[in-house]
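Just below is one structure, and these are the notes that go with it.
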There are 4 protein chains.
Amino acid sequence: MKINRYEDISQIEREAKRDYIDRHSAFVHCAASAVKGEKFKVKIQVGEEYKHPDDFDHYISWVQLWDGEKMLAQTTLSAGTMGSAPSQVEVDLYIVPTKSMKLMAHAFCTKHGLWQSNEVAVEVAE
Amino acid sequence: MKINRYEDISQIEREAKRDYIDRHSAFVHCAASAVKGEKFKVKIQVGEEYKHPDDFDHYISWVQLWDGEKMLAQTTLSAGTMGSAPSQVEVDLYIVPTKSMKLMAHAFCTKHGLWQSNEVAVEVAE
Amino acid sequence: MKINRYEDISQIEREAKRDYIDRHSAFVHCAASAVKGEKFKVKIQVGEEYKHPDDFDHYISWVQLWDGEKMLAQTTLSAGTMGSAPSQVEVDLYIVPTKSMKLMAHAFCTKHGLWQSNEVAVEVAE
Amino acid sequence: MKINRYEDISQIEREAKRDYIDRHSAFVHCAASAVKGEKFKVKIQVGEEYKHPDDFDHYISWVQLWDGEKMLAQTTLSAGTMGSAPSQVEVDLYIVPTKSMKLMAHAFCTKHGLWQSNEVAVEVAE
């Protein structure tokens, strides 16, 4: 089983390939530092420049947020939740960190498998 | 199996009972109207005035967002994601409506079962 | 939000309605008694006499097993897992009881909502 | 994020390490061949010779069944479902194959991360 890892699409020449990779890529967006014991918002977004279909037989059915080897949360979507039209899946998770984190997201496309984001380091101050 | 429905705690006299009910209650927060085909943010929050523990043997392990009889999304949390301290579980889901909705949330506490929010009507304009 | 509760289809005259109800009904099949601390098999099946479609836009996407107010397990299925043809979703969960149980299953159809099984009492002997 | 892959514990000398690896290892048990369009039973089991704790802060919280890059099903367990004692998580999934498969399981331990089984080839005859 293949896990597709993040690729920088600015390095990819062919438009169709840039589109394919970007629309499946998971991104973790959050501040670079957090305060221990306080709520911290983490956005998982799938696709940055391109949109992914939300067809019944082809959609992003779940995303997971990981901190290193620990899964923090998983959001499962029903087909049609994104309006049955191309879109970028987006979920804001609110977590409460107790120590510095290495956040990473997984996104699962029902046709094209599992996609892994880059790791995002978050400093957590007392 | 009992489903706990929303109760207005301002009508409840005893503090411990207000706390118990509020910290388990799911709330759907969103605008009253949306535009068809455009992303629409829906916050699910558990607890409004009181906080729920995030203990390994007692935490909010999932929330679901429903539109009438259709489940739109489910977020599952690991114990500890809220910092192993009392907190209010909070998730922002971005959905793309195609018609008017009646949104409702479920929240599941590993000790005190299933809690159902009030229904929130959202007008969707073309 | 409506939860459809089990109905005995032998009491229903119209074939189409019997089919509709039965193919969505969740059943808990297990022994009537268990031994404390030993593995105990519980089958959740959706439909007894009729089959449910497994179409991309219409399938049984999850089942849950409950003991009273406590959720024991949830199985989520991808569309197509039942061969994209009418079938009866079936999962065997192995649980280890520590006291007598009142088992109940939920099944979610992406078109026709949530269905609740009858409750099944299981005596657990030391 | 590390994915722990299957290791043959007969090659490992130290008992504690054999125990650690085996009790986290996911296994796919099924027949080597299936008939197209007919129900096919697939057991996912975690651990073969050793047992994994079912403690609130340390348990197997989910398993997934994959066919190549496609996820077929995911079962999420609540802590305590295995009796709060060491055990081997076990789920039987019934799938309906339409072509030959390469089955693989993932298991997630809340303390020790993601574990991937060996791949099991299943021939599917018309």
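Lettering and numbering for the structure tokens are positional, with chains as A, B, ... in the shown order, residues counted from 1 in each chain, and ligands counted from 1 in the shown order.
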Within 7 Å of stretch 101-111 of chain A using only C-alpha atoms, minus same-chain residues under 3 positions, as a compact mmCIF listing (two decimals) with N, CA and C atoms, in the first residue's frame:
```txt
# COMPACT_ATOMS: atom_id res chain seq x y z
N ALA A 26 -2.72 17.11 1.48
CA ALA A 26 -3.22 17.60 2.76
C ALA A 26 -2.26 18.65 3.29
N PHE A 27 -2.82 19.70 3.87
CA PHE A 27 -2.02 20.78 4.46
C PHE A 27 -2.46 20.99 5.90
N VAL A 28 -1.48 21.20 6.75
CA VAL A 28 -1.74 21.57 8.14
C VAL A 28 -1.44 23.06 8.27
N ILE A 44 -6.99 21.64 8.82
CA ILE A 44 -6.56 20.68 7.80
C ILE A 44 -7.29 21.06 6.52
N HIS A 58 -16.11 9.30 -5.87
CA HIS A 58 -14.78 9.90 -5.88
C HIS A 58 -14.79 11.16 -5.03
N TYR A 59 -14.39 10.99 -3.78
CA TYR A 59 -14.38 12.14 -2.88
C TYR A 59 -13.35 11.91 -1.77
N ILE A 60 -13.09 12.96 -1.02
CA ILE A 60 -12.19 12.85 0.14
C ILE A 60 -13.06 12.39 1.30
N SER A 61 -12.88 11.14 1.75
CA SER A 61 -13.82 10.64 2.75
C SER A 61 -13.33 10.82 4.19
N TRP A 62 -12.04 10.97 4.39
CA TRP A 62 -11.61 11.32 5.74
C TRP A 62 -10.25 12.00 5.77
N VAL A 63 -10.05 12.73 6.86
CA VAL A 63 -8.75 13.32 7.17
C VAL A 63 -8.43 12.98 8.62
N GLN A 64 -7.15 12.86 8.89
CA GLN A 64 -6.70 12.60 10.27
C GLN A 64 -5.63 13.61 10.63
N LEU A 65 -5.59 13.99 11.90
CA LEU A 65 -4.52 14.85 12.41
C LEU A 65 -3.66 14.03 13.36
N TRP A 66 -2.36 14.02 13.10
CA TRP A 66 -1.40 13.28 13.90
C TRP A 66 -0.40 14.23 14.55
N ASP A 67 0.04 13.87 15.76
CA ASP A 67 1.19 14.52 16.39
C ASP A 67 2.22 13.42 16.58
N GLY A 68 3.20 13.37 15.67
CA GLY A 68 4.15 12.26 15.71
C GLY A 68 3.40 10.95 15.50
N LEU A 114 -4.25 7.21 -0.01
CA LEU A 114 -3.85 7.96 1.18
C LEU A 114 -2.76 8.98 0.85
N TRP A 115 -2.95 10.20 1.36
CA TRP A 115 -2.00 11.31 1.10
C TRP A 115 -1.56 11.89 2.43
N GLN A 116 -0.27 12.12 2.53
CA GLN A 116 0.33 12.57 3.79
C GLN A 116 0.91 13.98 3.62
N SER A 117 0.59 14.85 4.56
CA SER A 117 1.11 16.23 4.50
C SER A 117 2.56 16.29 4.95
N ASN A 118 3.14 17.45 4.76
CA ASN A 118 4.40 17.75 5.44
C ASN A 118 4.15 17.81 6.94
N GLU A 119 5.24 17.69 7.70
CA GLU A 119 5.17 17.82 9.14
C GLU A 119 5.34 19.28 9.51
N VAL A 120 4.53 19.74 10.45
CA VAL A 120 4.60 21.13 10.89
C VAL A 120 4.98 21.16 12.37
N ALA A 121 6.11 21.76 12.68
CA ALA A 121 6.56 21.83 14.08
C ALA A 121 5.86 22.98 14.79
N VAL A 122 5.36 22.71 15.99
CA VAL A 122 4.72 23.75 16.80
C VAL A 122 5.41 23.78 18.17
N GLU A 123 5.97 24.92 18.47
CA GLU A 123 6.60 25.12 19.79
C GLU A 123 5.51 25.37 20.82
N LYS D 70 -7.12 1.20 -1.65
CA LYS D 70 -8.52 1.50 -1.28
C LYS D 70 -8.83 1.00 0.14
```
### Query
Which of stretch 3-110 of chain C counts as strand (DSSP E) under DSSP, as a PyMOL selection string please?
chain C and resi 3-5+26-29+33-35+40-46+60-67+70-77+90-95+101-109
So that I have them on file, write out the residues from the current selection with N, CA and C atoms, as a compact mmCIF listing (two decimals), in the first residue's frame.
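Writing done, so here's result.txt:
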```txt
# COMPACT_ATOMS: atom_id res chain seq x y z
N ILE C 3 -35.17 8.69 14.37
CA ILE C 3 -34.50 7.39 14.45
C ILE C 3 -35.56 6.33 14.17
N ASN C 4 -35.29 5.54 13.13
CA ASN C 4 -36.24 4.49 12.76
C ASN C 4 -36.04 3.30 13.68
N ARG C 5 -37.09 2.89 14.33
CA ARG C 5 -36.99 1.77 15.25
C ARG C 5 -37.49 0.47 14.59
N ALA C 26 -31.39 -3.13 11.54
CA ALA C 26 -30.18 -3.70 12.12
C ALA C 26 -30.58 -4.81 13.09
N PHE C 27 -29.80 -5.89 13.09
CA PHE C 27 -30.04 -7.01 13.99
C PHE C 27 -28.76 -7.31 14.77
N VAL C 28 -28.94 -7.61 16.04
CA VAL C 28 -27.84 -8.06 16.88
C VAL C 28 -28.02 -9.56 17.09
N HIS C 29 -27.08 -10.35 16.58
CA HIS C 29 -27.14 -11.80 16.77
C HIS C 29 -26.00 -12.22 17.68
N SER C 33 -26.10 -15.77 26.65
CA SER C 33 -25.28 -15.60 27.85
C SER C 33 -23.80 -15.66 27.49
N ALA C 34 -23.02 -15.04 28.32
CA ALA C 34 -21.58 -14.95 28.09
C ALA C 34 -20.86 -15.22 29.40
N VAL C 35 -19.55 -15.46 29.30
CA VAL C 35 -18.75 -15.68 30.49
C VAL C 35 -17.89 -14.43 30.73
N PHE C 40 -16.52 -12.71 23.39
CA PHE C 40 -17.91 -12.97 23.08
C PHE C 40 -18.20 -12.36 21.71
N LYS C 41 -18.69 -13.23 20.81
CA LYS C 41 -18.92 -12.78 19.43
C LYS C 41 -20.30 -12.18 19.27
N VAL C 42 -20.36 -11.00 18.67
CA VAL C 42 -21.63 -10.33 18.41
C VAL C 42 -21.68 -9.99 16.92
N LYS C 43 -22.67 -10.53 16.23
CA LYS C 43 -22.83 -10.21 14.81
C LYS C 43 -23.83 -9.07 14.67
N ILE C 44 -23.45 -8.04 13.94
CA ILE C 44 -24.42 -7.03 13.52
C ILE C 44 -24.72 -7.31 12.05
N GLN C 45 -26.00 -7.43 11.75
CA GLN C 45 -26.40 -7.66 10.35
C GLN C 45 -27.49 -6.66 9.99
N VAL C 46 -27.43 -6.15 8.78
CA VAL C 46 -28.45 -5.20 8.32
C VAL C 46 -29.29 -5.89 7.25
N ILE C 60 -25.16 1.42 3.09
CA ILE C 60 -25.05 1.44 4.56
C ILE C 60 -23.63 1.84 4.88
N SER C 61 -23.43 3.04 5.42
CA SER C 61 -22.05 3.49 5.58
C SER C 61 -21.48 3.22 6.97
N TRP C 62 -22.30 3.02 7.96
CA TRP C 62 -21.73 2.58 9.24
C TRP C 62 -22.76 1.86 10.11
N VAL C 63 -22.22 1.06 11.01
CA VAL C 63 -23.01 0.41 12.06
C VAL C 63 -22.29 0.65 13.38
N GLN C 64 -23.05 0.72 14.44
CA GLN C 64 -22.49 0.88 15.79
C GLN C 64 -23.09 -0.18 16.70
N LEU C 65 -22.28 -0.64 17.65
CA LEU C 65 -22.76 -1.55 18.69
C LEU C 65 -22.76 -0.81 20.02
N TRP C 66 -23.92 -0.83 20.68
CA TRP C 66 -24.09 -0.15 21.97
C TRP C 66 -24.44 -1.17 23.05
N ASP C 67 -23.95 -0.89 24.26
CA ASP C 67 -24.42 -1.61 25.46
C ASP C 67 -25.05 -0.54 26.35
N LYS C 70 -23.56 3.11 26.39
CA LYS C 70 -22.14 3.09 26.03
C LYS C 70 -21.95 2.53 24.61
N MET C 71 -21.26 3.27 23.75
CA MET C 71 -20.93 2.72 22.44
C MET C 71 -19.69 1.85 22.57
N LEU C 72 -19.79 0.60 22.10
CA LEU C 72 -18.66 -0.32 22.19
C LEU C 72 -17.76 -0.23 20.96
N ALA C 73 -18.37 -0.11 19.79
CA ALA C 73 -17.58 -0.13 18.56
C ALA C 73 -18.40 0.44 17.41
N GLN C 74 -17.69 0.97 16.41
CA GLN C 74 -18.34 1.46 15.19
C GLN C 74 -17.54 0.96 14.00
N THR C 75 -18.24 0.39 13.02
CA THR C 75 -17.57 0.00 11.77
C THR C 75 -18.11 0.86 10.64
N THR C 76 -17.18 1.52 9.95
CA THR C 76 -17.51 2.36 8.80
C THR C 76 -17.10 1.62 7.53
N LEU C 77 -18.00 1.58 6.55
CA LEU C 77 -17.73 0.88 5.30
C LEU C 77 -17.61 1.88 4.17
N GLU C 90 -22.66 -7.05 7.20
CA GLU C 90 -22.47 -8.02 8.28
C GLU C 90 -21.08 -7.79 8.87
N VAL C 91 -21.02 -7.67 10.17
CA VAL C 91 -19.75 -7.50 10.88
C VAL C 91 -19.82 -8.32 12.15
N ASP C 92 -18.76 -9.06 12.44
CA ASP C 92 -18.67 -9.76 13.73
C ASP C 92 -17.71 -9.00 14.62
N LEU C 93 -18.22 -8.53 15.74
CA LEU C 93 -17.38 -7.84 16.71
C LEU C 93 -17.13 -8.78 17.88
N TYR C 94 -15.92 -8.79 18.37
CA TYR C 94 -15.60 -9.64 19.52
C TYR C 94 -15.36 -8.71 20.69
N ILE C 95 -16.18 -8.88 21.70
CA ILE C 95 -16.08 -8.02 22.87
C ILE C 95 -15.82 -8.89 24.10
N MET C 101 -25.32 -7.33 29.82
CA MET C 101 -25.37 -6.27 28.82
C MET C 101 -26.76 -6.17 28.20
N LYS C 102 -27.06 -5.00 27.67
CA LYS C 102 -28.22 -4.79 26.82
C LYS C 102 -27.70 -4.24 25.49
N LEU C 103 -27.50 -5.17 24.56
CA LEU C 103 -26.87 -4.80 23.29
C LEU C 103 -27.89 -4.23 22.31
N MET C 104 -27.46 -3.28 21.53
CA MET C 104 -28.31 -2.64 20.54
C MET C 104 -27.41 -2.17 19.39
N ALA C 105 -27.92 -2.20 18.19
CA ALA C 105 -27.13 -1.73 17.05
C ALA C 105 -27.82 -0.55 16.37
N HIS C 106 -27.01 0.35 15.85
CA HIS C 106 -27.45 1.40 14.95
C HIS C 106 -26.87 1.11 13.57
N ALA C 107 -27.67 1.39 12.52
CA ALA C 107 -27.16 1.31 11.15
C ALA C 107 -27.53 2.60 10.45
N PHE C 108 -26.60 3.14 9.67
CA PHE C 108 -26.86 4.40 8.97
C PHE C 108 -26.86 4.18 7.45
N CYS C 109 -27.98 4.50 6.83
CA CYS C 109 -28.12 4.45 5.37
C CYS C 109 -27.94 5.88 4.84
```
#### Entry: Test item: residues at most 9 Å from C:Thr98, only C-alpha atoms, excluding those fewer than 4 positions along its chain, as a ChimeraX atom specification
/C:35-38,124-126 /D:83-84
Closest atom pairs, residues of chain C within 9 Å of chain A, only C-alpha atoms, as a Markdown table:
```
| residue | atom | partner | partner_atom | distance |
| --- | --- | --- | --- | --- |
| C:Asp55 | CA | A:Phe56 | CA | 8.9 |
| C:Phe56 | CA | A:Phe56 | CA | 5.3 |
| C:Asp57 | CA | A:Phe56 | CA | 5.5 |
| C:Ser61 | CA | A:Ser78 | CA | 8.7 |
| C:Ser78 | CA | A:Thr110 | CA | 8.0 |
| C:Ala79 | CA | A:Asp57 | CA | 7.7 |
| C:Gly80 | CA | A:Asp57 | CA | 8.9 |
| C:Thr110 | CA | A:Ser78 | CA | 8.0 |
```
Write a file of the just-selected residues containing N, CA and C atoms, as a PDB file, in the first residue's frame.
```pdb
ATOM      1  N   ASP C  55     -24.862   1.046  -3.627  1.00  0.00           N
ATOM      2  CA  ASP C  55     -24.561   2.018  -4.679  1.00  0.00           C
ATOM      3  C   ASP C  55     -23.774   3.175  -4.066  1.00  0.00           C
ATOM      4  N   PHE C  56     -23.015   3.845  -4.883  1.00  0.00           N
ATOM      5  CA  PHE C  56     -22.190   4.946  -4.361  1.00  0.00           C
ATOM      6  C   PHE C  56     -23.045   6.004  -3.671  1.00  0.00           C
ATOM      7  N   ASP C  57     -24.227   6.262  -4.193  1.00  0.00           N
ATOM      8  CA  ASP C  57     -25.070   7.299  -3.588  1.00  0.00           C
ATOM      9  C   ASP C  57     -26.125   6.720  -2.652  1.00  0.00           C
ATOM     10  N   SER C  61     -23.432   3.037   5.416  1.00  0.00           N
ATOM     11  CA  SER C  61     -22.046   3.488   5.579  1.00  0.00           C
ATOM     12  C   SER C  61     -21.478   3.216   6.965  1.00  0.00           C
ATOM     13  N   SER C  78     -16.732   1.629   3.210  1.00  0.00           N
ATOM     14  CA  SER C  78     -16.702   2.426   1.995  1.00  0.00           C
ATOM     15  C   SER C  78     -17.768   1.897   1.043  1.00  0.00           C
ATOM     16  N   ALA C  79     -18.338   2.778   0.234  1.00  0.00           N
ATOM     17  CA  ALA C  79     -19.240   2.322  -0.820  1.00  0.00           C
ATOM     18  C   ALA C  79     -18.459   1.373  -1.728  1.00  0.00           C
ATOM     19  N   GLY C  80     -19.086   0.275  -2.126  1.00  0.00           N
ATOM     20  CA  GLY C  80     -18.417  -0.692  -2.993  1.00  0.00           C
ATOM     21  C   GLY C  80     -17.851  -1.883  -2.234  1.00  0.00           C
ATOM     22  N   THR C 110     -27.117   6.025   3.821  1.00  0.00           N
ATOM     23  CA  THR C 110     -26.802   7.383   3.342  1.00  0.00           C
ATOM     24  C   THR C 110     -28.020   8.077   2.730  1.00  0.00           C
TER      25      THR C 110
END
```
### Task
Would you mind telling me which residue in D:Lys2, D:Lys39, D:His24, D:Arg18 lies nearest to C:Ala85 when using only C-alpha atoms?
D:Lys39
### Query
Please, which residues of chain A, numbered as in this document, come out alpha helix (DSSP H) from DSSP, as a PyMOL selection string?
chain A and resi 15-24
Keeping only C-alpha atoms, write the selected residues to a file as a PDB file, in the first residue's frame.
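Saved file result_30.pdb follows:
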```pdb
ATOM      1  CA  GLU A  15      -0.477  21.105 -15.446  1.00  0.00           C
ATOM      2  CA  ALA A  16      -2.521  17.888 -15.156  1.00  0.00           C
ATOM      3  CA  LYS A  17       0.042  16.432 -12.783  1.00  0.00           C
ATOM      4  CA  ARG A  18       0.219  19.619 -10.699  1.00  0.00           C
ATOM      5  CA  ASP A  19      -3.574  19.539 -10.434  1.00  0.00           C
ATOM      6  CA  TYR A  20      -3.654  15.822  -9.515  1.00  0.00           C
ATOM      7  CA  ILE A  21      -1.052  16.226  -6.791  1.00  0.00           C
ATOM      8  CA  ASP A  22      -2.261  19.520  -5.347  1.00  0.00           C
ATOM      9  CA  ARG A  23      -5.942  18.604  -5.123  1.00  0.00           C
ATOM     10  CA  HIS A  24      -5.051  15.502  -3.084  1.00  0.00           C
TER      11      HIS A  24
END
```
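Atom CA of D:Ala32 sits 19.2 Å away from atom CA of D:Glu48.
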